[in-house]
>>> print(open('my_file39.cif').read())   # mmCIF, C-alpha atoms
data_entry
loop_
_atom_site.label_atom_id
_atom_site.label_comp_id
_atom_site.auth_asym_id
_atom_site.auth_seq_id
_atom_site.Cartn_x
_atom_site.Cartn_y
_atom_site.Cartn_z
CA MET P 1 30.64 14.04 19.46
CA ARG P 2 33.69 13.50 17.33
CA THR P 3 36.20 16.27 16.98
CA GLY P 4 39.43 14.37 16.51
CA GLY P 5 39.16 12.70 13.11
CA LYS P 6 39.10 14.43 9.76
CA PRO P 7 35.49 15.15 8.78
CA LEU P 8 35.96 13.81 5.25
CA ASP P 9 37.46 10.51 6.45
CA ASP P 10 34.75 10.15 9.09
CA GLU P 11 32.05 10.56 6.49
CA ILE P 12 33.65 8.17 3.99
CA ASN P 13 33.92 5.58 6.77
CA ALA P 14 30.25 6.06 7.66
CA LEU P 15 29.26 5.64 4.02
CA VAL P 16 31.37 2.50 3.58
CA GLN P 17 30.17 0.98 6.85
CA THR P 18 26.49 1.41 6.01
CA GLY P 19 27.15 -0.09 2.56
CA THR P 20 25.86 2.92 0.71
CA TRP P 21 27.26 1.74 -2.60
CA GLU P 22 28.95 -1.12 -4.36
CA PHE P 23 31.42 -0.69 -7.15
CA ALA P 24 30.14 -1.83 -10.51
CA ASP P 25 30.80 -1.39 -14.19
CA LEU P 26 28.44 1.02 -15.78
CA LEU P 27 25.93 -0.77 -17.99
CA ILE P 28 25.57 0.52 -21.51
CA GLY P 29 22.75 3.01 -21.79
CA LYS P 30 22.91 3.97 -18.12
CA GLN P 31 24.16 7.31 -16.95
CA THR P 32 25.97 8.29 -13.82
CA MET P 33 24.71 10.98 -11.53
CA GLY P 34 27.09 13.61 -10.23
CA CYS P 35 27.89 14.17 -6.57
CA LYS P 36 29.81 16.60 -4.47
CA TRP P 37 31.08 17.18 -0.97
CA VAL P 38 29.47 19.83 1.15
CA TYR P 39 31.29 21.13 4.19
CA LYS P 40 29.38 22.45 7.14
CA THR P 41 30.31 23.96 10.47
CA LYS P 42 28.07 22.78 13.26
CA HIS P 43 27.44 25.32 15.99
CA LYS P 44 26.42 24.75 19.56
CA ALA P 45 23.41 26.59 21.03
CA ASP P 46 25.66 29.44 22.24
CA GLY P 47 27.18 29.94 18.80
CA SER P 48 30.57 28.36 19.46
CA ILE P 49 31.88 25.81 16.98
CA GLU P 50 30.94 22.25 17.83
CA ARG P 51 32.53 20.42 14.91
CA PHE P 52 33.10 20.41 11.19
CA LYS P 53 31.14 18.04 9.06
CA ALA P 54 31.48 16.79 5.51
CA THR P 55 28.37 15.50 3.74
CA LEU P 56 28.28 13.73 0.41
CA VAL P 57 25.35 14.91 -1.64
CA ALA P 58 24.07 13.44 -4.87
CA LYS P 59 23.08 15.78 -7.65
CA GLY P 60 19.48 14.63 -7.49
CA PHE P 61 18.28 17.35 -9.86
CA THR P 62 19.50 15.23 -12.78
CA GLN P 63 17.29 12.31 -11.74
CA GLN P 64 14.49 11.38 -14.11
CA GLU P 65 11.08 10.35 -12.90
CA ASP P 66 10.15 6.66 -13.38
CA ILE P 67 13.78 5.79 -14.12
CA ASP P 68 15.73 7.01 -11.12
CA PHE P 69 12.87 7.65 -8.73
CA ARG P 70 9.13 7.15 -8.38
CA GLU P 71 7.41 8.42 -5.24
CA THR P 72 8.98 11.26 -3.25
CA PHE P 73 6.34 12.18 -0.68
CA SER P 74 7.25 11.75 2.94
CA PRO P 75 5.04 12.69 5.88
CA VAL P 76 6.02 14.80 8.89
CA ALA P 77 4.41 15.20 12.28
CA LYS P 78 1.58 17.70 12.59
CA ILE P 79 2.19 20.51 15.02
CA THR P 80 -1.10 19.77 16.79
CA THR P 81 0.15 16.26 17.46
CA VAL P 82 3.32 17.69 18.99
CA SER P 83 1.34 20.01 21.27
CA LEU P 84 -1.17 17.32 22.20
CA LEU P 85 1.56 14.83 23.02
CA LEU P 86 3.31 17.37 25.23
CA ALA P 87 0.04 18.22 27.00
CA ILE P 88 -0.75 14.56 27.67
CA THR P 89 2.82 13.96 28.80
CA THR P 90 2.44 16.71 31.38
CA THR P 91 -0.83 15.53 32.88
CA LYS P 92 0.17 11.87 32.90
CA ILE P 93 3.63 12.75 34.21
CA TRP P 94 5.33 10.65 31.56
CA LEU P 95 8.97 10.60 30.71
CA LEU P 96 9.94 12.86 27.85
CA GLU P 97 13.05 12.42 25.74
CA GLN P 98 14.24 13.81 22.48
CA PHE P 99 16.62 12.26 19.97
CA ASP P 100 18.00 13.05 16.62
CA ILE P 101 19.36 10.46 14.30
CA ASN P 102 22.79 10.87 12.74
CA ASN P 103 23.04 10.52 8.99
CA ALA P 104 19.34 9.68 8.89
CA PHE P 105 18.95 9.63 5.13
CA LEU P 106 21.84 7.19 4.69
CA HIS P 107 19.73 4.48 6.37
CA GLY P 108 17.08 4.38 3.68
CA ASP P 109 17.24 1.52 1.14
CA LEU P 110 17.20 2.37 -2.52
CA HIS P 111 15.03 0.27 -4.83
CA GLU P 112 15.86 1.97 -8.08
CA GLU P 113 19.03 1.27 -10.04
CA VAL P 114 21.03 4.46 -9.66
CA TYR P 115 24.65 4.90 -10.64
CA MET P 116 26.77 7.68 -9.27
CA GLU P 117 30.23 8.89 -10.17
CA VAL P 118 32.94 7.96 -7.69
CA PRO P 119 33.21 10.74 -5.10
CA LYS P 120 36.49 12.52 -4.52
CA GLY P 121 38.62 10.79 -1.90
CA VAL P 122 37.29 7.32 -2.78
CA VAL P 123 39.30 4.91 -4.96
CA PRO P 124 37.41 2.15 -6.80
CA PRO P 125 39.07 -1.27 -7.26
CA LYS P 126 39.09 -0.80 -11.04
CA PRO P 127 39.39 2.68 -12.55
CA SER P 128 36.49 2.13 -14.97
CA GLN P 129 34.04 1.35 -12.17
CA VAL P 130 31.35 3.61 -10.77
CA CYS P 131 29.26 3.55 -7.59
CA LYS P 132 25.99 1.66 -7.77
CA LEU P 133 23.86 3.00 -4.93
CA ARG P 134 22.28 0.56 -2.51
CA LYS P 135 21.33 3.04 0.16
CA SER P 136 19.81 6.42 -0.17
CA LEU P 137 21.98 9.52 -0.11
CA TYR P 138 21.39 13.19 0.67
CA GLY P 139 20.26 15.04 -2.41
CA LEU P 140 18.40 12.12 -3.97
CA ARG P 141 14.83 12.98 -4.79
CA GLN P 142 13.48 10.00 -2.86
CA ALA P 143 15.87 10.35 0.11
CA SER P 144 13.36 11.46 2.72
CA ARG P 145 10.73 8.97 1.57
CA GLN P 146 13.14 6.05 1.75
CA TRP P 147 14.16 7.14 5.23
CA TYR P 148 10.54 7.28 6.35
CA GLU P 149 9.83 3.88 4.81
CA LYS P 150 12.78 2.34 6.65
CA LEU P 151 11.81 3.98 9.91
CA SER P 152 8.16 2.94 9.86
CA THR P 153 9.04 -0.64 8.84
CA VAL P 154 11.50 -0.98 11.70
CA LEU P 155 9.04 0.44 14.22
CA ILE P 156 6.13 -1.70 13.05
CA THR P 157 8.23 -4.88 13.15
CA SER P 158 9.25 -4.04 16.70
CA GLY P 159 5.61 -3.98 17.78
CA TYR P 160 4.63 -0.34 17.36
CA THR P 161 1.28 0.70 15.96
CA GLN P 162 1.08 3.56 13.50
CA SER P 163 -1.54 6.13 14.42
CA GLN P 164 -4.42 6.58 12.00
CA TYR P 165 -4.64 10.27 12.71
CA ASP P 166 -1.00 11.24 12.32
CA ILE P 167 1.10 8.69 10.53
CA SER P 168 4.29 10.03 12.10
CA LEU P 169 3.03 8.90 15.50
CA PHE P 170 3.77 5.40 16.72
CA THR P 171 2.49 3.85 19.93
CA LYS P 172 3.23 0.64 21.75
CA GLN P 173 1.44 -1.06 24.61
CA SER P 174 3.85 -3.60 25.99
CA ALA P 175 2.80 -6.83 27.70
CA THR P 176 3.92 -5.47 31.05
CA GLY P 177 1.49 -2.59 30.68
CA ALA P 178 3.99 0.14 29.84
CA PHE P 179 2.85 2.55 27.16
CA THR P 180 5.31 4.30 24.83
CA THR P 181 4.85 6.76 22.02
CA ILE P 182 7.31 7.94 19.40
CA LEU P 183 6.73 10.98 17.24
CA PHE P 184 8.92 11.71 14.24
CA TYR P 185 9.79 14.82 12.33
CA VAL P 186 12.21 13.47 9.71
CA ASP P 187 15.28 12.75 11.85
CA ASP P 188 14.09 14.39 15.05
CA MET P 189 12.08 12.30 17.40
CA ILE P 190 10.18 12.69 20.65
CA LEU P 191 9.88 9.68 22.88
CA THR P 192 7.34 9.66 25.71
CA GLY P 193 5.77 7.05 27.88
CA GLU P 194 5.20 5.68 31.32
CA MET R 1 13.79 17.48 25.97
CA LYS R 2 14.78 21.06 25.34
CA PHE R 3 14.51 22.08 21.73
CA PHE R 4 12.27 20.61 19.04
CA LEU R 5 11.34 22.30 15.75
CA GLY R 6 12.09 25.76 17.12
CA LEU R 7 10.05 24.95 20.20
CA GLU R 8 11.83 25.58 23.49
CA VAL R 9 10.59 23.20 26.15
CA ALA R 10 11.00 23.70 29.89
CA ARG R 11 9.58 21.24 32.37
CA SER R 12 8.94 21.29 36.10
CA SER R 13 6.69 19.36 38.45
CA LYS R 14 3.98 22.00 37.91
CA GLY R 15 3.83 21.54 34.18
CA ILE R 16 5.48 22.18 30.86
CA PHE R 17 6.30 25.50 29.23
CA LEU R 18 6.58 25.97 25.48
CA LYS R 19 7.98 29.06 23.85
CA LYS R 20 9.58 30.12 20.62
CA MET R 21 11.76 32.92 21.88
CA LYS R 22 14.79 32.06 19.78
CA TYR R 23 12.62 31.79 16.70
CA THR R 24 10.99 35.15 17.47
CA LEU R 25 14.33 36.90 17.97
CA LYS R 26 15.71 35.39 14.77
CA LEU R 27 12.65 36.62 12.92
CA LEU R 28 13.04 40.12 14.37
CA ASP R 29 16.74 40.11 13.53
CA ALA R 30 16.08 39.09 9.93
CA ALA R 31 13.54 41.89 9.59
CA GLY R 32 16.04 44.37 11.09
CA LEU R 33 13.68 45.09 13.97
CA LEU R 34 15.73 43.89 16.93
CA GLY R 35 16.27 47.49 18.04
CA CYS R 36 12.76 48.71 17.30
CA LYS R 37 10.37 50.36 19.71
CA PRO R 38 8.09 47.68 21.15
CA SER R 39 4.36 48.00 20.73
CA THR R 40 1.85 47.00 23.38
CA THR R 41 -0.82 45.96 20.89
CA SER R 42 -0.61 43.85 17.76
CA MET R 43 -3.03 45.89 15.63
CA ASN R 44 -4.16 49.42 15.14
CA PRO R 45 -7.93 49.41 15.66
CA GLN R 46 -8.29 52.56 13.54
CA ILE R 47 -6.92 50.96 10.40
CA LYS R 48 -9.17 48.83 8.25
CA LEU R 49 -7.25 46.55 5.93
CA HIS R 50 -8.53 45.88 2.42
CA SER R 51 -7.08 44.88 -0.90
CA LYS R 52 -7.60 48.20 -2.70
CA GLU R 53 -5.70 51.50 -2.53
CA SER R 54 -2.02 52.15 -1.68
CA PRO R 55 0.57 50.76 -4.08
CA LEU R 56 1.50 47.12 -4.36
CA ARG R 57 4.68 46.20 -2.65
CA GLU R 58 7.50 45.29 -5.01
CA ASP R 59 8.92 42.69 -2.68
CA ILE R 60 5.91 40.41 -2.32
CA SER R 61 8.01 37.42 -1.30
CA MET R 62 9.27 39.29 1.74
CA TYR R 63 5.69 39.79 2.91
CA ARG R 64 4.83 36.16 2.25
CA ARG R 65 7.90 34.95 4.09
CA LEU R 66 7.05 37.08 7.12
CA ILE R 67 3.48 35.82 7.22
CA GLY R 68 4.68 32.24 6.90
CA GLN R 69 6.98 32.71 9.84
CA LEU R 70 4.23 34.38 11.87
CA ILE R 71 1.86 31.50 11.15
CA TYR R 72 4.42 29.12 12.62
CA LEU R 73 4.64 31.37 15.68
CA THR R 74 0.89 31.18 16.29
CA ASN R 75 1.41 27.65 17.64
CA THR R 76 2.67 29.13 20.87
CA ARG R 77 1.37 32.70 20.51
CA PHE R 78 -2.41 32.56 20.36
CA ASP R 79 -2.49 36.31 20.97
CA ILE R 80 -1.39 36.98 17.39
CA CYS R 81 -3.69 34.39 15.81
CA PHE R 82 -6.34 36.89 14.78
CA VAL R 83 -4.04 39.45 13.22
CA VAL R 84 -1.93 36.84 11.41
CA ASN R 85 -5.03 35.19 10.03
CA HIS R 86 -6.27 38.58 8.90
CA LEU R 87 -2.98 39.53 7.25
CA SER R 88 -2.69 36.17 5.52
CA GLN R 89 -5.81 36.98 3.54
CA PHE R 90 -3.80 39.44 1.47
CA LEU R 91 -0.91 37.19 0.45
CA SER R 92 -1.71 37.36 -3.24
CA ALA R 93 -1.60 41.15 -3.47
CA PRO R 94 -0.20 42.81 -0.37
CA THR R 95 -0.05 46.58 -0.19
CA MET R 96 2.09 48.94 1.81
CA ALA R 97 -0.66 49.12 4.45
CA HIS R 98 -0.50 45.36 4.94
CA TYR R 99 3.24 45.47 5.26
CA GLN R 100 3.00 48.22 7.86
CA ALA R 101 0.48 46.15 9.81
CA THR R 102 2.86 43.18 9.70
CA LEU R 103 5.65 45.32 11.10
CA ARG R 104 3.29 46.32 13.87
CA VAL R 105 2.91 42.64 14.78
CA LEU R 106 6.68 42.27 14.85
CA ARG R 107 6.98 45.29 17.12
CA TYR R 108 4.33 43.73 19.33
CA LEU R 109 6.33 40.49 19.47
CA LYS R 110 9.42 42.45 20.41
CA ALA R 111 7.68 43.55 23.62
CA ASN R 112 7.45 40.00 25.01
CA PRO R 113 9.40 37.51 22.91
CA SER R 114 9.51 35.00 25.75
CA TRP R 115 5.76 34.52 25.96
CA GLY R 116 4.52 31.03 25.36
CA LEU R 117 2.16 28.31 26.51
CA PHE R 118 2.04 26.61 29.87
CA PHE R 119 0.43 23.22 30.28
CA PHE R 120 -0.46 22.52 33.91
CA SER R 121 0.24 19.00 35.06
CA ASP R 122 -2.87 18.99 37.28
CA SER R 123 -5.27 20.04 34.53
CA PRO R 124 -7.98 17.46 33.79
CA LEU R 125 -7.39 15.66 30.52
CA GLN R 126 -10.82 16.38 29.20
CA LEU R 127 -11.90 17.52 25.79
CA LYS R 128 -14.07 20.64 25.83
CA GLY R 129 -16.07 22.03 22.96
CA PHE R 130 -17.32 25.58 22.48
CA CYS R 131 -19.76 26.94 20.00
CA ASP R 132 -21.09 30.26 18.92
CA SER R 133 -24.62 30.85 17.75
CA ASN R 134 -23.53 32.56 14.52
#
>>> encode(input="my_file39.cif", output="structure tokens")
Amino acid sequence: MRTGGKPLDDEINALVQTGTWEFADLLIGKQTMGCKWVYKTKHKADGSIERFKATLVAKGFTQQEDIDFRETFSPVAKITTVSLLLAITTTKIWLLEQFDINNAFLHGDLHEEVYMEVPKGVVPPKPSQVCKLRKSLYGLRQASRQWYEKLSTVLITSGYTQSQYDISLFTKQSATGAFTTILFYVDDMILTGE
Amino acid sequence: MKFFLGLEVARSSKGIFLKKMKYTLKLLDAAGLLGCKPSTTSMNPQIKLHSKESPLREDISMYRRLIGQLIYLTNTRFDICFVVNHLSQFLSAPTMAHYQATLRVLRYLKANPSWGLFFFSDSPLQLKGFCDSN
């Protein structure tokens, strides 16, 4: 948990570190997409303030199909899978952990050529330049799909098998005999195993 | 693991307990029924619901939202499965009677918002099937 730094600076740093955009001159015939900062107050379970957060969102509603985005579908875990996994975990006495991933959508790679206006608080090297997006951003139409694509690729390359019956479920049988499962619901995940 | 998709998870050596108490209370609060008189049953057996009679509700989306929330609750509250399934048959044209029946379910939930499911750790992991002749 970070409480010290300024939320806006924290977020800009996160965006720069993940290489969300590169500065580029806008090509003729291309248009920039708007963006804005959204400020949120995160609360703890008891209602007290945990921290303030700034999120950069793209104005994805101006995106045009086939130019700025193609597919947008992204799967989520079925509730029956959640229940079943918990039931099996109990009888097998497995470990059960839960995670959520910070800035999940910022991890997704963007394949389309999307230009965005320079957000407030960011100074481009040349004043005429705009942000050419390399990573996905909150508000983009394909944001959740790109995140899912990234996630499943990473898991499959690290030896996990995607379930046929719920594609948000990944399992791994390691050489030492240990069995692990990971279930995803966008940026929330349940990890169980021996 | 404690909280996942509105699901509150408690674990002991005996098993695992799932409930949606926070979700239920939030639902009751949004409907303005936190202070209501609890009901011991989820349905009135005297009332037969149908799609005719009594005027159409103006705020259909309110009804639909409530039913949607109740459907999500059925994951841990099998006791309201029947009534929610029944009420969800009238989503396209709910009447005042349907809305009243929905409020009855909410008042029933108010009685025991902490109810949930318990999975025993010593239960055999065996799939059972049941069938009915009709």
>>> interface_residues(input="my_file39.cif", of="chain R", to="chain P", cutoff="10 Å", atoms="all atoms listed in the file", output="PyMOL selection string")
chain R and resi 1-5+7+9+11-18+72+75-76+117-125
>>> resolve_selection(input="my_file39.cif", expression="the PyMOL selection byres ((chain P and resi 133-140) around 10)", output="PDB file with C-alpha atoms, in the frame of the given file")
ATOM      1  CA  LEU P  15      29.260   5.640   4.020  1.00  0.00           C
ATOM      2  CA  THR P  18      26.490   1.410   6.010  1.00  0.00           C
ATOM      3  CA  GLY P  19      27.150  -0.090   2.560  1.00  0.00           C
ATOM      4  CA  THR P  20      25.860   2.920   0.710  1.00  0.00           C
ATOM      5  CA  TRP P  21      27.260   1.740  -2.600  1.00  0.00           C
ATOM      6  CA  GLU P  22      28.950  -1.120  -4.360  1.00  0.00           C
ATOM      7  CA  PHE P  23      31.420  -0.690  -7.150  1.00  0.00           C
ATOM      8  CA  ALA P  24      30.140  -1.830 -10.510  1.00  0.00           C
ATOM      9  CA  MET P  33      24.710  10.980 -11.530  1.00  0.00           C
ATOM     10  CA  CYS P  35      27.890  14.170  -6.570  1.00  0.00           C
ATOM     11  CA  LYS P  36      29.810  16.600  -4.470  1.00  0.00           C
ATOM     12  CA  THR P  55      28.370  15.500   3.740  1.00  0.00           C
ATOM     13  CA  LEU P  56      28.280  13.730   0.410  1.00  0.00           C
ATOM     14  CA  VAL P  57      25.350  14.910  -1.640  1.00  0.00           C
ATOM     15  CA  ALA P  58      24.070  13.440  -4.870  1.00  0.00           C
ATOM     16  CA  LYS P  59      23.080  15.780  -7.650  1.00  0.00           C
ATOM     17  CA  GLY P  60      19.480  14.630  -7.490  1.00  0.00           C
ATOM     18  CA  PHE P  61      18.280  17.350  -9.860  1.00  0.00           C
ATOM     19  CA  THR P  62      19.500  15.230 -12.780  1.00  0.00           C
ATOM     20  CA  GLN P  63      17.290  12.310 -11.740  1.00  0.00           C
ATOM     21  CA  ASP P  68      15.730   7.010 -11.120  1.00  0.00           C
ATOM     22  CA  PHE P  69      12.870   7.650  -8.730  1.00  0.00           C
ATOM     23  CA  THR P  72       8.980  11.260  -3.250  1.00  0.00           C
ATOM     24  CA  ASN P 103      23.040  10.520   8.990  1.00  0.00           C
ATOM     25  CA  ALA P 104      19.340   9.680   8.890  1.00  0.00           C
ATOM     26  CA  PHE P 105      18.950   9.630   5.130  1.00  0.00           C
ATOM     27  CA  LEU P 106      21.840   7.190   4.690  1.00  0.00           C
ATOM     28  CA  HIS P 107      19.730   4.480   6.370  1.00  0.00           C
ATOM     29  CA  GLY P 108      17.080   4.380   3.680  1.00  0.00           C
ATOM     30  CA  ASP P 109      17.240   1.520   1.140  1.00  0.00           C
ATOM     31  CA  LEU P 110      17.200   2.370  -2.520  1.00  0.00           C
ATOM     32  CA  HIS P 111      15.030   0.270  -4.830  1.00  0.00           C
ATOM     33  CA  GLU P 112      15.860   1.970  -8.080  1.00  0.00           C
ATOM     34  CA  GLU P 113      19.030   1.270 -10.040  1.00  0.00           C
ATOM     35  CA  VAL P 114      21.030   4.460  -9.660  1.00  0.00           C
ATOM     36  CA  TYR P 115      24.650   4.900 -10.640  1.00  0.00           C
ATOM     37  CA  MET P 116      26.770   7.680  -9.270  1.00  0.00           C
ATOM     38  CA  VAL P 130      31.350   3.610 -10.770  1.00  0.00           C
ATOM     39  CA  CYS P 131      29.260   3.550  -7.590  1.00  0.00           C
ATOM     40  CA  LYS P 132      25.990   1.660  -7.770  1.00  0.00           C
ATOM     41  CA  ARG P 141      14.830  12.980  -4.790  1.00  0.00           C
ATOM     42  CA  GLN P 142      13.480  10.000  -2.860  1.00  0.00           C
ATOM     43  CA  ALA P 143      15.870  10.350   0.110  1.00  0.00           C
ATOM     44  CA  SER P 144      13.360  11.460   2.720  1.00  0.00           C
ATOM     45  CA  ARG P 145      10.730   8.970   1.570  1.00  0.00           C
ATOM     46  CA  GLN P 146      13.140   6.050   1.750  1.00  0.00           C
ATOM     47  CA  TRP P 147      14.160   7.140   5.230  1.00  0.00           C
TER      48      TRP P 147
END
>>> resolve_selection(input="my_file39.cif", expression="the PyMOL selection byres ((chain R and resi 104-111) around 6)", output="ChimeraX atom specification")
/R:38-42,101-103,112-113
>>> resolve_selection(input="my_file39.cif", expression="the PyMOL selection byres ((chain R and resi 98) around 9)", output="count of residues only")
15
>>> axis_aligned_box(input="my_file39.cif", around="region 66-82 of chain R", padding_each_side="5 Å", output="AutoDock Vina command-line options")
--center_x 0.4 --center_y 32.4 --center_z 13.9 --size_x 23.4 --size_y 19.4 --size_z 24.1
>>> residues_around(input="my_file39.cif", residues="Ile167 (chain P)", least_positions_apart="6", cutoff="10 Å", atoms="only C-alpha atoms", output="ChimeraX atom specification")
/P:75-78,152,161,183-184
>>> atom_distance(input="my_file39.cif", atom1="CA of Thr181 (chain P)", atom2="CA of Gly116 (chain R)")
24.5 Å
>>> atom_distance(input="my_file39.cif", atom1="CA of Pro7 (chain P)", atom2="CA of Gly47 (chain P)")
19.7 Å
>>> atom_distance(input="my_file39.cif", atom1="CA of Leu8 (chain P)", atom2="CA of Leu27 (chain P)")
29.2 Å
>>> closest_residue(input="my_file39.cif", among="P:Gly193, P:Ile28, P:Glu65, P:Thr157", to="Gln173 (chain P)", atoms="all atoms listed in the file")
P:Gly193
>>> residues_around(input="my_file39.cif", residues="Thr171 (chain P)", least_positions_apart="5", cutoff="9 Å", atoms="all atoms listed in the file", output="ChimeraX atom specification")
/P:159-163,179-183
>>> closest_residue(input="my_file39.cif", among="P:Asp187, P:Leu151, P:Lys42, P:Leu84", to="Gln126 (chain R)", atoms="only C-alpha atoms")
P:Leu84
